[in-house]
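Student: Pasting protein_32.cif below, which is mmCIF, C-alpha atoms and all ligand atoms.
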data_my_file
#
loop_
_atom_site.label_atom_id
_atom_site.label_comp_id
_atom_site.auth_asym_id
_atom_site.auth_seq_id
_atom_site.Cartn_x
_atom_site.Cartn_y
_atom_site.Cartn_z
CA MET A 103 0.00 0.00 0.00
CA ARG A 104 2.85 2.37 0.84
CA ASP A 105 4.11 1.88 -2.69
CA ILE A 106 0.88 3.11 -4.24
CA PHE A 107 0.92 6.16 -2.02
CA GLU A 108 4.52 7.00 -2.89
CA ILE A 109 3.69 8.10 -6.43
CA ILE A 110 1.06 10.60 -5.38
CA ASP A 111 3.12 13.65 -4.66
CA ARG A 112 5.77 13.13 -7.27
CA PRO A 113 4.47 14.23 -10.68
CA GLN A 114 8.04 14.08 -11.94
CA ASN A 115 7.77 10.30 -11.71
CA PHE A 116 5.05 10.23 -14.32
CA PRO A 117 5.93 9.49 -17.93
CA TYR A 118 3.31 11.77 -19.51
CA CYS A 119 3.81 15.24 -21.03
CA PRO A 120 3.78 18.07 -18.46
CA GLY A 121 0.19 18.97 -17.61
CA CYS A 122 -1.29 15.81 -19.14
CA GLY A 123 -4.61 14.89 -17.52
CA HIS A 124 -3.46 11.27 -17.16
CA THR A 125 -1.13 12.37 -14.33
CA THR A 126 -4.02 13.92 -12.42
CA ILE A 127 -6.22 10.87 -12.82
CA ASP A 128 -3.45 8.47 -11.75
CA MET A 129 -2.76 10.54 -8.65
CA VAL A 130 -6.43 10.73 -7.74
CA LEU A 131 -6.83 6.99 -8.27
CA ALA A 132 -3.80 6.30 -6.06
CA ARG A 133 -5.30 8.42 -3.29
CA ALA A 134 -8.67 6.69 -3.65
CA ILE A 135 -7.03 3.26 -3.37
CA PHE A 136 -5.06 4.37 -0.35
CA GLU A 137 -8.04 5.87 1.45
CA LEU A 138 -10.13 2.76 0.84
CA GLY A 139 -7.38 0.66 2.38
CA LEU A 140 -7.23 -1.69 -0.60
CA LYS A 141 -4.29 -4.05 -0.66
CA ASN A 142 -1.81 -3.99 -3.53
CA GLU A 143 -2.13 -7.72 -4.08
CA ASP A 144 -5.92 -7.50 -4.40
CA PHE A 145 -5.80 -4.85 -7.08
CA VAL A 146 -5.55 -5.38 -10.84
CA ILE A 147 -5.09 -2.61 -13.38
CA VAL A 148 -5.86 -3.57 -16.96
CA SER A 149 -4.59 -1.00 -19.40
CA ASP A 150 -5.03 -0.37 -23.10
CA ILE A 151 -2.93 0.94 -25.94
CA GLY A 152 -2.24 4.66 -25.86
CA CYS A 153 -0.44 7.01 -23.49
CA VAL A 154 -2.88 5.81 -20.85
CA GLY A 155 -1.21 2.40 -21.08
CA LEU A 156 1.94 3.79 -19.47
CA VAL A 157 0.12 3.48 -16.15
CA ASP A 158 1.31 -0.14 -15.82
CA LYS A 159 4.65 0.77 -14.28
CA LEU A 160 3.31 3.37 -11.87
CA PHE A 161 1.22 1.22 -9.58
CA ARG A 162 2.79 -1.66 -7.69
CA VAL A 163 -0.26 -3.85 -8.23
CA HIS A 164 -1.09 -6.60 -10.71
CA THR A 165 -1.18 -5.10 -14.19
CA VAL A 166 -2.14 -6.44 -17.61
CA HIS A 167 -1.43 -4.48 -20.77
CA THR A 168 -3.78 -5.58 -23.53
CA LEU A 169 -4.30 -5.26 -27.25
CA HIS A 170 -6.06 -2.13 -28.41
CA GLY A 171 -9.66 -2.03 -27.26
CA ARG A 172 -9.54 -5.39 -25.48
CA SER A 173 -8.84 -4.20 -21.93
CA THR A 174 -12.49 -4.38 -20.83
CA ALA A 175 -12.85 -7.94 -22.13
CA VAL A 176 -9.66 -9.05 -20.35
CA ALA A 177 -10.71 -7.31 -17.13
CA ALA A 178 -14.16 -8.91 -17.33
CA GLY A 179 -12.57 -12.34 -17.70
CA ILE A 180 -10.31 -11.78 -14.68
CA LYS A 181 -13.20 -10.66 -12.49
CA MET A 182 -15.60 -13.38 -13.68
CA VAL A 183 -13.11 -16.06 -12.67
CA ASP A 184 -12.34 -14.33 -9.37
CA GLU A 185 -16.01 -13.88 -8.51
CA VAL A 186 -17.26 -17.27 -9.58
CA LEU A 187 -14.40 -19.66 -8.86
CA PHE A 188 -12.20 -17.92 -6.27
CA ASP A 189 -12.71 -15.71 -3.24
CA ASN A 190 -14.03 -12.61 -4.99
CA LYS A 191 -11.58 -10.16 -3.50
CA LEU A 192 -10.00 -8.59 -6.58
CA LYS A 193 -10.70 -4.99 -7.53
CA VAL A 194 -10.24 -4.80 -11.27
CA VAL A 195 -9.83 -1.38 -12.88
CA VAL A 196 -9.69 -0.70 -16.61
CA MET A 197 -7.62 2.33 -17.64
CA ILE A 198 -8.72 3.25 -21.11
CA GLY A 199 -8.50 6.23 -23.45
CA ASP A 200 -10.32 7.48 -26.52
CA GLY A 201 -8.99 4.64 -28.66
CA GLY A 202 -9.55 1.84 -26.19
CA SER A 203 -13.08 2.90 -25.41
CA THR A 204 -14.25 3.44 -29.00
CA ILE A 205 -12.36 0.55 -30.61
CA GLY A 206 -13.45 -1.63 -27.69
CA LEU A 207 -16.96 -0.21 -27.46
CA LEU A 208 -18.74 -3.54 -27.80
CA HIS A 209 -16.69 -4.99 -24.95
CA LEU A 210 -17.83 -2.09 -22.77
CA VAL A 211 -21.45 -2.60 -23.87
CA GLU A 212 -21.33 -6.34 -23.13
CA ALA A 213 -19.64 -5.86 -19.74
CA ALA A 214 -22.29 -3.28 -18.82
CA LYS A 215 -25.07 -5.54 -20.06
CA ILE A 216 -24.08 -8.46 -17.83
CA ASN A 217 -23.01 -6.18 -14.95
CA VAL A 218 -19.50 -7.56 -14.49
CA ASP A 219 -18.00 -6.22 -11.28
CA ILE A 220 -15.26 -4.04 -12.77
CA THR A 221 -14.48 -0.31 -12.73
CA VAL A 222 -13.69 1.44 -16.00
CA LEU A 223 -12.02 4.84 -16.03
CA ILE A 224 -12.39 6.39 -19.49
CA HIS A 225 -9.71 9.03 -19.97
CA ASN A 226 -11.45 11.21 -22.55
CA ASN A 227 -8.98 13.76 -23.90
CA PHE A 228 -10.90 14.11 -27.19
CA LEU A 229 -8.24 12.62 -29.47
CA TYR A 230 -5.57 9.97 -29.99
CA GLY A 231 -2.56 11.38 -28.14
CA MET A 232 -0.03 8.62 -28.61
CA THR A 233 -0.25 8.45 -32.40
CA GLY A 234 -0.18 12.17 -33.18
CA GLY A 235 -3.36 13.87 -32.03
CA GLN A 236 -5.84 12.44 -34.53
CA HIS A 237 -9.58 12.82 -33.94
CA SER A 238 -11.49 10.00 -32.26
CA GLY A 239 -15.10 8.97 -31.79
CA LEU A 240 -15.13 11.12 -28.66
CA THR A 241 -13.85 14.32 -30.32
CA PRO A 242 -16.36 17.14 -29.70
CA LYS A 243 -17.99 18.98 -32.60
CA ASP A 244 -15.76 21.82 -33.92
CA PHE A 245 -12.78 20.55 -31.88
CA LYS A 246 -9.51 20.73 -33.80
CA THR A 247 -7.16 17.80 -34.04
CA SER A 248 -4.31 16.88 -36.39
CA THR A 249 -6.85 15.29 -38.74
CA THR A 250 -9.63 17.84 -38.28
CA LEU A 251 -7.66 21.08 -38.55
CA ASN A 252 -10.79 23.05 -39.38
CA GLY A 253 -12.74 21.48 -36.57
CA ASN A 254 -14.51 18.15 -36.27
CA PRO A 255 -17.78 18.41 -38.21
CA PHE A 256 -19.52 15.66 -36.22
CA GLU A 257 -21.02 15.28 -32.77
CA PRO A 258 -19.06 12.99 -30.40
CA LEU A 259 -20.32 9.68 -29.07
CA LYS A 260 -21.95 10.16 -25.71
CA ILE A 261 -20.32 7.09 -24.31
CA ILE A 262 -21.89 7.31 -20.86
CA ASP A 263 -25.35 7.43 -22.45
CA ILE A 264 -24.49 4.34 -24.49
CA LEU A 265 -23.33 2.45 -21.39
CA LYS A 266 -26.26 3.65 -19.31
CA ASN A 267 -28.59 2.25 -21.97
CA SER A 268 -26.55 -0.95 -22.05
CA GLY A 269 -27.25 -1.64 -18.38
CA ALA A 270 -24.34 -0.04 -16.48
CA THR A 271 -25.29 0.10 -12.80
CA PHE A 272 -22.84 2.87 -11.88
CA TYR A 273 -22.09 5.55 -14.43
CA ALA A 274 -20.57 8.95 -13.99
CA ARG A 275 -19.24 11.74 -16.19
CA THR A 276 -16.96 14.45 -14.85
CA TYR A 277 -13.61 16.13 -15.54
CA SER A 278 -10.11 15.68 -14.20
CA GLN A 279 -10.10 18.81 -12.05
CA ASP A 280 -13.40 18.08 -10.37
CA PRO A 281 -12.74 18.30 -6.60
CA GLU A 282 -15.18 15.40 -6.21
CA LEU A 283 -13.32 13.12 -8.62
CA LYS A 284 -11.64 11.11 -5.86
CA GLU A 285 -14.95 10.43 -4.10
CA ILE A 286 -16.58 9.44 -7.40
CA ILE A 287 -13.75 7.00 -8.10
CA LYS A 288 -14.01 5.60 -4.58
CA GLU A 289 -17.74 5.05 -5.04
CA ALA A 290 -17.09 3.38 -8.37
CA LEU A 291 -14.49 1.08 -6.78
CA LEU A 292 -16.88 0.11 -4.00
CA HIS A 293 -19.81 -0.46 -6.34
CA ARG A 294 -20.72 -4.10 -6.85
CA GLY A 295 -21.29 -4.40 -10.58
CA PHE A 296 -20.21 -2.58 -13.71
CA ALA A 297 -18.99 0.94 -12.90
CA VAL A 298 -17.79 3.42 -15.48
CA VAL A 299 -16.45 6.94 -14.97
CA GLU A 300 -15.82 9.12 -18.00
CA ILE A 301 -13.25 11.77 -17.09
CA LEU A 302 -12.72 14.66 -19.47
CA GLU A 303 -9.09 15.77 -19.45
CA LEU A 304 -6.58 17.64 -21.56
CA CYS A 305 -3.90 16.31 -23.85
CA THR A 306 -1.35 19.08 -23.51
CA GLY A 307 0.64 17.55 -26.34
CA TYR A 308 -2.04 18.09 -29.01
CA ALA A 309 -5.37 19.44 -27.76
CA THR A 310 -3.81 22.68 -26.60
CA ARG A 311 -1.74 22.94 -29.78
CA TYR A 312 -4.78 23.09 -32.04
CA ASN A 313 -7.41 24.65 -29.75
CA GLU A 314 -7.64 27.69 -27.52
CA ILE A 315 -8.26 25.66 -24.42
CA LYS A 316 -6.95 25.34 -20.91
CA GLY A 317 -7.80 23.01 -18.08
CA SER A 318 -10.38 25.50 -16.88
CA GLY A 319 -12.26 24.99 -20.15
CA LEU A 320 -13.01 21.36 -19.35
CA LYS A 321 -16.03 22.31 -17.28
CA ASN A 322 -17.64 23.95 -20.35
CA MET A 323 -16.88 20.91 -22.43
CA LEU A 324 -18.51 18.77 -19.80
CA ASP A 325 -21.63 20.97 -19.98
CA ASN A 326 -21.68 20.62 -23.77
CA LEU A 327 -21.72 16.86 -23.34
CA GLY A 328 -24.75 16.97 -21.05
CA GLY A 329 -23.14 17.99 -17.77
CA LYS A 330 -21.88 16.12 -14.76
CA VAL A 331 -23.62 12.82 -14.11
CA LYS A 332 -23.44 10.26 -11.33
CA VAL A 333 -26.00 7.48 -11.03
CA LYS A 334 -25.85 4.30 -8.98
CA GLU A 335 -28.32 1.44 -9.28
CA LYS A 336 -28.60 -1.87 -7.51
CA LYS A 337 -28.72 -5.01 -9.60
CA GLU A 338 -27.26 -8.50 -9.30
CA SER A 339 -23.73 -8.70 -10.64
CA PHE A 340 -22.67 -11.26 -13.21
CA GLY A 341 -21.18 -13.47 -10.50
CA GLU A 342 -24.32 -13.38 -8.36
CA ILE A 343 -26.53 -14.27 -11.30
CA TYR A 344 -24.15 -17.04 -12.37
CA LYS A 345 -23.83 -18.56 -8.91
CA ASN A 346 -27.57 -18.51 -8.33
CA LYS A 347 -28.19 -20.29 -11.59
CA PHE A 348 -25.40 -22.85 -11.62
CA PHE A 349 -24.19 -23.31 -8.05
CA ASP A 350 -25.86 -24.77 -5.01
CA GLY A 351 -26.48 -22.42 -2.07
CA LYS A 352 -23.09 -23.27 -0.50
CA GLY A 353 -20.94 -21.91 -3.25
CA GLU A 354 -20.06 -25.34 -4.57
CA VAL A 355 -20.50 -26.20 -8.22
CA GLU A 356 -23.51 -28.40 -8.61
CA PHE A 357 -22.44 -31.11 -11.02
CA LYS A 358 -25.32 -32.69 -12.79
CA GLY A 359 -22.99 -35.42 -13.90
CA ILE A 360 -23.32 -39.01 -15.02
CA GLU A 361 -23.61 -41.58 -12.28
CA ILE A 362 -21.32 -44.54 -12.80
CA ASP A 363 -23.32 -47.70 -13.36
CA LYS A 364 -20.48 -50.15 -12.83
CA ARG A 365 -16.70 -50.06 -13.16
CA VAL A 366 -15.27 -52.11 -15.96
CA SER A 367 -11.65 -52.79 -16.61
CA LEU A 368 -9.90 -51.87 -19.85
CA LYS A 369 -6.25 -52.86 -20.30
CA GLU A 370 -5.47 -50.42 -23.08
CA PRO A 371 -7.25 -47.27 -24.29
CA LEU A 372 -9.67 -47.77 -27.17
CA LYS A 373 -9.44 -45.36 -30.07
CA ILE A 374 -12.52 -45.28 -32.25
CA VAL A 375 -13.12 -43.06 -35.28
CA ILE A 376 -16.66 -42.79 -36.69
CA ALA A 377 -16.90 -41.17 -40.11
CA GLY A 378 -20.14 -40.47 -41.93
CA SER A 379 -22.25 -37.70 -43.38
CA ALA A 380 -23.34 -34.49 -41.71
CA GLY A 381 -26.96 -34.68 -40.67
CA GLU A 382 -26.83 -38.45 -40.13
CA GLY A 383 -26.21 -38.32 -36.39
CA VAL A 384 -22.52 -39.26 -36.27
CA GLN A 385 -21.61 -36.93 -33.43
CA LEU A 386 -24.65 -37.79 -31.33
CA ALA A 387 -23.87 -41.49 -31.65
CA ALA A 388 -20.27 -40.78 -30.65
CA SER A 389 -21.57 -38.83 -27.63
CA LEU A 390 -23.62 -41.84 -26.55
CA LEU A 391 -20.49 -43.95 -26.85
CA CYS A 392 -18.78 -41.50 -24.47
CA TYR A 393 -21.76 -41.48 -22.10
CA SER A 394 -21.83 -45.27 -22.00
CA SER A 395 -18.07 -45.34 -21.29
CA ILE A 396 -18.54 -42.98 -18.35
CA LEU A 397 -21.45 -45.13 -17.12
CA ALA A 398 -18.92 -47.97 -17.25
CA GLY A 399 -16.58 -46.01 -14.95
CA LEU A 400 -14.15 -45.14 -17.76
CA ASN A 401 -12.80 -41.85 -19.07
CA ALA A 402 -13.84 -40.72 -22.53
CA THR A 403 -13.04 -37.88 -24.93
CA GLN A 404 -14.75 -36.90 -28.15
CA LYS A 405 -13.21 -34.74 -30.86
CA ASN A 406 -15.47 -33.74 -33.73
CA ASP A 407 -14.72 -32.57 -37.23
CA ASN A 408 -17.11 -31.23 -39.84
CA PRO A 409 -17.09 -28.56 -42.53
CA VAL A 410 -18.17 -25.04 -41.55
CA THR A 411 -21.51 -25.73 -43.20
CA VAL A 412 -22.35 -28.27 -40.42
CA GLY A 413 -25.35 -29.73 -42.27
CA SER A 414 -23.59 -30.94 -45.44
CA GLY A 415 -20.48 -32.95 -46.27
CA PHE A 416 -18.58 -35.18 -43.86
CA SER A 417 -18.95 -35.59 -40.12
CA VAL A 418 -16.24 -37.32 -38.10
CA SER A 419 -15.93 -38.07 -34.40
CA GLU A 420 -12.83 -39.40 -32.68
CA VAL A 421 -13.60 -41.15 -29.40
CA ILE A 422 -11.00 -42.33 -26.91
CA ILE A 423 -12.07 -44.57 -24.02
CA SER A 424 -9.62 -45.28 -21.26
CA GLU A 425 -9.29 -46.38 -17.67
CA ARG A 426 -6.57 -43.77 -17.20
CA ASN A 427 -6.76 -40.01 -17.71
CA ILE A 428 -6.69 -39.02 -21.37
CA LYS A 429 -4.15 -36.30 -21.99
CA TYR A 430 -4.51 -35.95 -25.77
CA SER A 431 -7.81 -36.31 -27.56
CA GLY A 432 -6.56 -36.85 -31.12
CA ILE A 433 -6.27 -40.25 -32.83
CA GLU A 434 -3.53 -41.14 -35.30
CA LYS A 435 -3.99 -44.93 -35.41
CA PRO A 436 -7.54 -46.06 -34.60
CA ASN A 437 -8.27 -49.46 -33.09
CA TYR A 438 -11.63 -49.22 -34.83
CA LEU A 439 -12.50 -47.17 -37.88
CA ILE A 440 -16.25 -47.03 -38.58
CA ILE A 441 -17.26 -45.62 -41.96
CA THR A 442 -20.96 -45.20 -42.70
CA SER A 443 -21.08 -43.05 -45.87
CA ILE A 444 -19.12 -41.94 -48.90
CA ASP A 445 -18.56 -38.49 -47.31
CA GLY A 446 -16.96 -40.16 -44.31
CA PHE A 447 -14.99 -42.53 -46.54
CA LYS A 448 -13.43 -39.64 -48.49
CA ARG A 449 -12.56 -37.83 -45.30
CA VAL A 450 -10.77 -40.66 -43.49
CA LYS A 451 -9.45 -42.85 -46.31
CA ASN A 452 -5.89 -42.02 -45.19
CA LEU A 453 -6.67 -43.92 -41.97
CA LEU A 454 -7.67 -47.18 -43.70
CA ASN A 455 -4.15 -48.59 -43.66
CA LEU A 456 -3.48 -47.32 -40.15
CA SER A 457 -6.54 -48.86 -38.50
CA GLU A 458 -6.53 -52.24 -36.76
CA ASN A 459 -10.16 -52.92 -37.66
CA VAL A 460 -12.30 -51.26 -40.30
CA ILE A 461 -16.09 -51.53 -39.99
CA ILE A 462 -17.57 -50.12 -43.17
CA ASP A 463 -20.87 -49.98 -45.00
CA GLU A 464 -20.92 -52.80 -47.55
CA THR A 465 -21.73 -50.49 -50.49
CA LEU A 466 -18.51 -48.50 -50.07
CA THR A 467 -15.86 -51.14 -50.74
CA GLU A 468 -15.22 -54.65 -52.02
CA ASN A 469 -12.21 -55.08 -49.74
CA LYS A 470 -12.67 -58.39 -47.90
CA SER A 471 -10.22 -57.53 -45.12
CA TYR A 472 -12.73 -55.04 -43.74
CA PHE A 473 -15.90 -55.84 -41.80
CA ARG A 474 -18.43 -54.96 -44.52
CA ILE A 475 -21.86 -54.55 -42.93
CA PRO A 476 -25.25 -53.27 -44.16
CA ALA A 477 -25.15 -50.07 -42.09
CA ARG A 478 -26.94 -47.79 -44.56
CA ARG A 479 -29.96 -50.05 -44.62
CA TYR A 480 -30.81 -48.41 -41.29
CA LEU A 481 -30.86 -44.90 -42.69
CA SER A 482 -34.57 -44.50 -41.95
CA VAL A 483 -33.68 -44.22 -38.25
CA ARG A 484 -31.83 -41.02 -37.39
CA GLY A 485 -28.23 -42.07 -36.80
CA GLY A 486 -29.18 -45.66 -37.73
CA PRO A 487 -26.00 -46.52 -39.70
CA ASN A 488 -23.84 -45.33 -36.80
CA TYR A 489 -25.80 -47.19 -34.09
CA PHE A 490 -25.82 -50.34 -36.19
CA SER A 491 -22.05 -50.08 -36.67
CA ILE A 492 -21.40 -49.36 -32.97
CA GLY A 493 -23.67 -52.31 -32.15
CA PHE A 494 -21.56 -54.46 -34.47
CA LEU A 495 -18.40 -53.29 -32.66
CA PHE A 496 -19.91 -54.25 -29.29
CA GLY A 497 -21.14 -57.63 -30.56
CA LYS A 498 -17.89 -58.55 -32.25
CA PHE A 499 -15.26 -57.02 -29.95
CA SER A 500 -17.10 -56.52 -26.65
CA PRO A 501 -15.16 -53.54 -25.23
CA PHE A 502 -17.63 -53.75 -22.33
CA GLU A 503 -21.20 -55.01 -21.92
CA SER A 504 -23.51 -53.79 -24.67
CA GLU A 505 -26.23 -53.35 -22.02
CA ILE A 506 -24.34 -50.29 -20.74
CA PHE A 507 -24.60 -48.69 -24.17
CA GLU A 508 -28.31 -49.54 -24.15
CA LYS A 509 -28.64 -47.68 -20.85
CA ALA A 510 -26.92 -44.66 -22.41
CA ILE A 511 -29.42 -44.73 -25.30
CA LEU A 512 -32.37 -44.87 -22.91
CA LYS A 513 -30.99 -42.10 -20.73
CA TYR A 514 -29.49 -39.66 -23.20
CA GLY A 515 -30.56 -40.72 -26.70
CA LYS A 516 -33.25 -39.52 -29.08
CA SER A 517 -35.85 -41.79 -30.75
CA LYS A 518 -34.77 -44.22 -28.05
CA GLU A 519 -36.83 -47.28 -28.97
CA GLU A 520 -35.93 -47.22 -32.67
CA VAL A 521 -32.26 -46.58 -31.95
CA LEU A 522 -32.19 -49.37 -29.38
CA LYS A 523 -33.63 -51.79 -31.92
CA VAL A 524 -31.02 -50.85 -34.55
CA PHE A 525 -28.19 -51.09 -32.02
CA LYS A 526 -29.30 -54.55 -30.92
CA GLU A 527 -29.42 -55.76 -34.53
CA GLY A 528 -25.84 -54.53 -34.91
CA VAL A 529 -24.81 -56.39 -31.75
CA SER A 530 -26.48 -59.52 -33.03
CA LEU A 531 -24.62 -59.35 -36.37
CA GLY A 532 -21.34 -58.71 -34.53
CA LYS A 533 -21.86 -61.71 -32.31
CA SER A 534 -22.52 -63.88 -35.34
CA TYR A 535 -18.91 -63.13 -36.37
CA GLY A 536 -17.68 -64.63 -33.09
CA VAL A 537 -16.82 -62.67 -29.95
CA GLN A 538 -13.25 -61.41 -29.70
CA SER A 539 -11.94 -59.12 -26.94
CA PRO A 540 -9.67 -56.30 -27.99
CA ALA A 541 -5.99 -56.64 -27.11
S1 LIG B 1 0.56 13.11 -25.93
FE1 LIG B 1 -1.21 13.90 -24.84
S2 LIG B 1 -2.13 12.12 -23.86
FE2 LIG B 1 -0.05 11.56 -24.42
S3 LIG B 1 1.16 11.97 -22.61
FE3 LIG B 1 1.27 13.79 -23.90
S4 LIG B 1 -0.35 15.07 -23.17
FE4 LIG B 1 -0.77 13.06 -22.38
#
Translate this structure into structure tokens?
Tutor:
Amino acid sequence: MRDIFEIIDRPQNFPYCPGCGHTTIDMVLARAIFELGLKNEDFVIVSDIGCVGLVDKLFRVHTVHTLHGRSTAVAAGIKMVDEVLFDNKLKVVVMIGDGGSTIGLLHLVEAAKINVDITVLIHNNFLYGMTGGQHSGLTPKDFKTSTTLNGNPFEPLKIIDILKNSGATFYARTYSQDPELKEIIKEALLHRGFAVVEILELCTGYATRYNEIKGSGLKNMLDNLGGKVKVKEKKESFGEIYKNKFFDGKGEVEFKGIEIDKRVSLKEPLKIVIAGSAGEGVQLAASLLCYSSILAGLNATQKNDNPVTVGSGFSVSEVIISERNIKYSGIEKPNYLIITSIDGFKRVKNLLNLSENVIIDETLTENKSYFRIPARRYLSVRGGPNYFSIGFLFGKFSPFESEIFEKAILKYGKSKEEVLKVFKEGVSLGKSYGVQSPA
């Protein structure tokens, strides 16, 4: 805490141009933090691109310097995790200028909308200082900048009005020399929910070069923007809403998980690739394979692949089932390669020679070394070719009892009765080939 306080009375320590409003705001913020008794280690400053981003080195607290406009999103992420999963003690402050707030406007709108518990200090000096004094979305009408030498012909964004209408629960607009600025910042820091303070200030590097303006003129500029504002409302924060919806009353995550039916033993992980056509239920069938594995007390991962169009072309799922933790979810050499359509065949044909066992629809190949089965005859049932093929795998290779997969169908499947019938026919065909346990 002493370290924060040390910077307050030493403007020479600041990296900004003499008279820059950033210095004033940093000093006022430091005093506010000190007076509130906040601990250095519980404080996070998230800064943006621009001169305002030089703040990182000035405060001995946690700091994150982000890409342009992304500071609010990063801050929101930090606070969401702190509020929902940890002990909710971090104060997260976004230090943002004209560029960060207009380039990152949607992040501000979204954070206000869901009432994330962060404080945003918008340093509005009416232009882009760091890159040469160009006009910004916040430049007032008739204000001169390096790119509007005859005066900006357009009205500025009223950013506080935008955020108020987006759901901000604390919003204030003032100027850097306002004697009440420190108290406003303190209130914003103590507010539970999204708090934003727009602070009008002067860029002495450019604003004063092109305009007849001094610090005393900021009050008039504030009036032109609608005057000083400070409004506080009470509403549940993001974390409160989230915890109420997804946690039990004790702050513990309420897992609505899968109850293990019985624990089966599996010597080696099973790697199964199912390849078919989009819209034919490949990924749902693969999910049921994962569910059934978890019911059997095993670990399972599923990695899907499909074109961006989702509903056309191939659809592939890679499923790994293992007694041990699975650290990588990709499959290079499948134990079982199931192919149920020509789309799937084209997509995974490079795996044919790498797979220990290929279970494939009989219309797709003449190759006798594969298990050629009539999977597509079951196309009238959604996912039928996949369930028939998985049934065949269970009947022939018996990774674990097929009844566990049946339970998964009944618990998590769709068109349960029809799917169950198709699966059982697959099991029956597999058994007729003779039962063989995988290695
Ligand atoms: S260029 Fe402007 S905003 Fe940047 S440090 Fe100098 S006065 Fe401040």
Student: Neighbours of ligand LIG 1 (chain B) within 6 Å, counting all atoms listed in the file, as a list in words?
Tutor: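 The residues near ligand LIG 1 (chain B) are Tyr118, Cys119, Cys122, Cys153, Gly231, Met232, Cys305, Thr306, Gly307 and Tyr308 of chain A.
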Student: Taking 2 positions as the minimum chain separation for residues in the same chain, which residues sit within 10 Å of stretch 514-523 of chain A when counting all atoms listed in the file? Answer as number ranges by chain.
Tutor: A: 386-387, 389-390, 393-394, 480, 482-490, 493, 507-512, 525-529
Student: For stretch 319-321 of chain A, list every protein, DNA or RNA residue within 12 Å, evaluated using all atoms listed in the file, and leave out those in the same chain fewer than 4 positions away; present the list as a PyMOL selection string.
Tutor: chain A and resi 123+226-228+242+275-281+301-305+309-310+313-315+325-330
Student: Output C-alpha atoms for every residue in the selection just made, as a PDB file, keeping the file's coordinate frame.
Tutor:
ATOM      1  CA  GLY A 123      -4.610  14.890 -17.520  1.00  0.00           C
ATOM      2  CA  ASN A 226     -11.450  11.210 -22.550  1.00  0.00           C
ATOM      3  CA  ASN A 227      -8.980  13.760 -23.900  1.00  0.00           C
ATOM      4  CA  PHE A 228     -10.900  14.110 -27.190  1.00  0.00           C
ATOM      5  CA  PRO A 242     -16.360  17.140 -29.700  1.00  0.00           C
ATOM      6  CA  ARG A 275     -19.240  11.740 -16.190  1.00  0.00           C
ATOM      7  CA  THR A 276     -16.960  14.450 -14.850  1.00  0.00           C
ATOM      8  CA  TYR A 277     -13.610  16.130 -15.540  1.00  0.00           C
ATOM      9  CA  SER A 278     -10.110  15.680 -14.200  1.00  0.00           C
ATOM     10  CA  GLN A 279     -10.100  18.810 -12.050  1.00  0.00           C
ATOM     11  CA  ASP A 280     -13.400  18.080 -10.370  1.00  0.00           C
ATOM     12  CA  PRO A 281     -12.740  18.300  -6.600  1.00  0.00           C
ATOM     13  CA  ILE A 301     -13.250  11.770 -17.090  1.00  0.00           C
ATOM     14  CA  LEU A 302     -12.720  14.660 -19.470  1.00  0.00           C
ATOM     15  CA  GLU A 303      -9.090  15.770 -19.450  1.00  0.00           C
ATOM     16  CA  LEU A 304      -6.580  17.640 -21.560  1.00  0.00           C
ATOM     17  CA  CYS A 305      -3.900  16.310 -23.850  1.00  0.00           C
ATOM     18  CA  ALA A 309      -5.370  19.440 -27.760  1.00  0.00           C
ATOM     19  CA  THR A 310      -3.810  22.680 -26.600  1.00  0.00           C
ATOM     20  CA  ASN A 313      -7.410  24.650 -29.750  1.00  0.00           C
ATOM     21  CA  GLU A 314      -7.640  27.690 -27.520  1.00  0.00           C
ATOM     22  CA  ILE A 315      -8.260  25.660 -24.420  1.00  0.00           C
ATOM     23  CA  ASP A 325     -21.630  20.970 -19.980  1.00  0.00           C
ATOM     24  CA  ASN A 326     -21.680  20.620 -23.770  1.00  0.00           C
ATOM     25  CA  LEU A 327     -21.720  16.860 -23.340  1.00  0.00           C
ATOM     26  CA  GLY A 328     -24.750  16.970 -21.050  1.00  0.00           C
ATOM     27  CA  GLY A 329     -23.140  17.990 -17.770  1.00  0.00           C
ATOM     28  CA  LYS A 330     -21.880  16.120 -14.760  1.00  0.00           C
TER      29      LYS A 330
END
Student: Would you please work out which residue, of A:Lys498, A:Arg365, A:Lys260, A:Lys451, is nearest to A:Leu397 when using only C-alpha atoms?
Tutor: A:Arg365
Student: Skip A:Phe296 itself and residues of its chain fewer than 3 positions away, then list as a compact mmCIF listing (two decimals) with C-alpha atoms, keeping the file's coordinate frame all residues within 9 Å of it, counting only C-alpha atoms.
Tutor:
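part23.txt was written with the following content:
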# COMPACT_ATOMS: atom_id res chain seq x y z
CA ALA A 213 -19.64 -5.86 -19.74
CA ALA A 214 -22.29 -3.28 -18.82
CA LYS A 215 -25.07 -5.54 -20.06
CA ILE A 216 -24.08 -8.46 -17.83
CA ASN A 217 -23.01 -6.18 -14.95
CA VAL A 218 -19.50 -7.56 -14.49
CA ASP A 219 -18.00 -6.22 -11.28
CA ILE A 220 -15.26 -4.04 -12.77
CA THR A 221 -14.48 -0.31 -12.73
CA VAL A 222 -13.69 1.44 -16.00
CA GLY A 269 -27.25 -1.64 -18.38
CA ALA A 270 -24.34 -0.04 -16.48
CA THR A 271 -25.29 0.10 -12.80
CA PHE A 272 -22.84 2.87 -11.88
CA TYR A 273 -22.09 5.55 -14.43
CA ALA A 290 -17.09 3.38 -8.37
CA HIS A 293 -19.81 -0.46 -6.34
CA SER A 339 -23.73 -8.70 -10.64
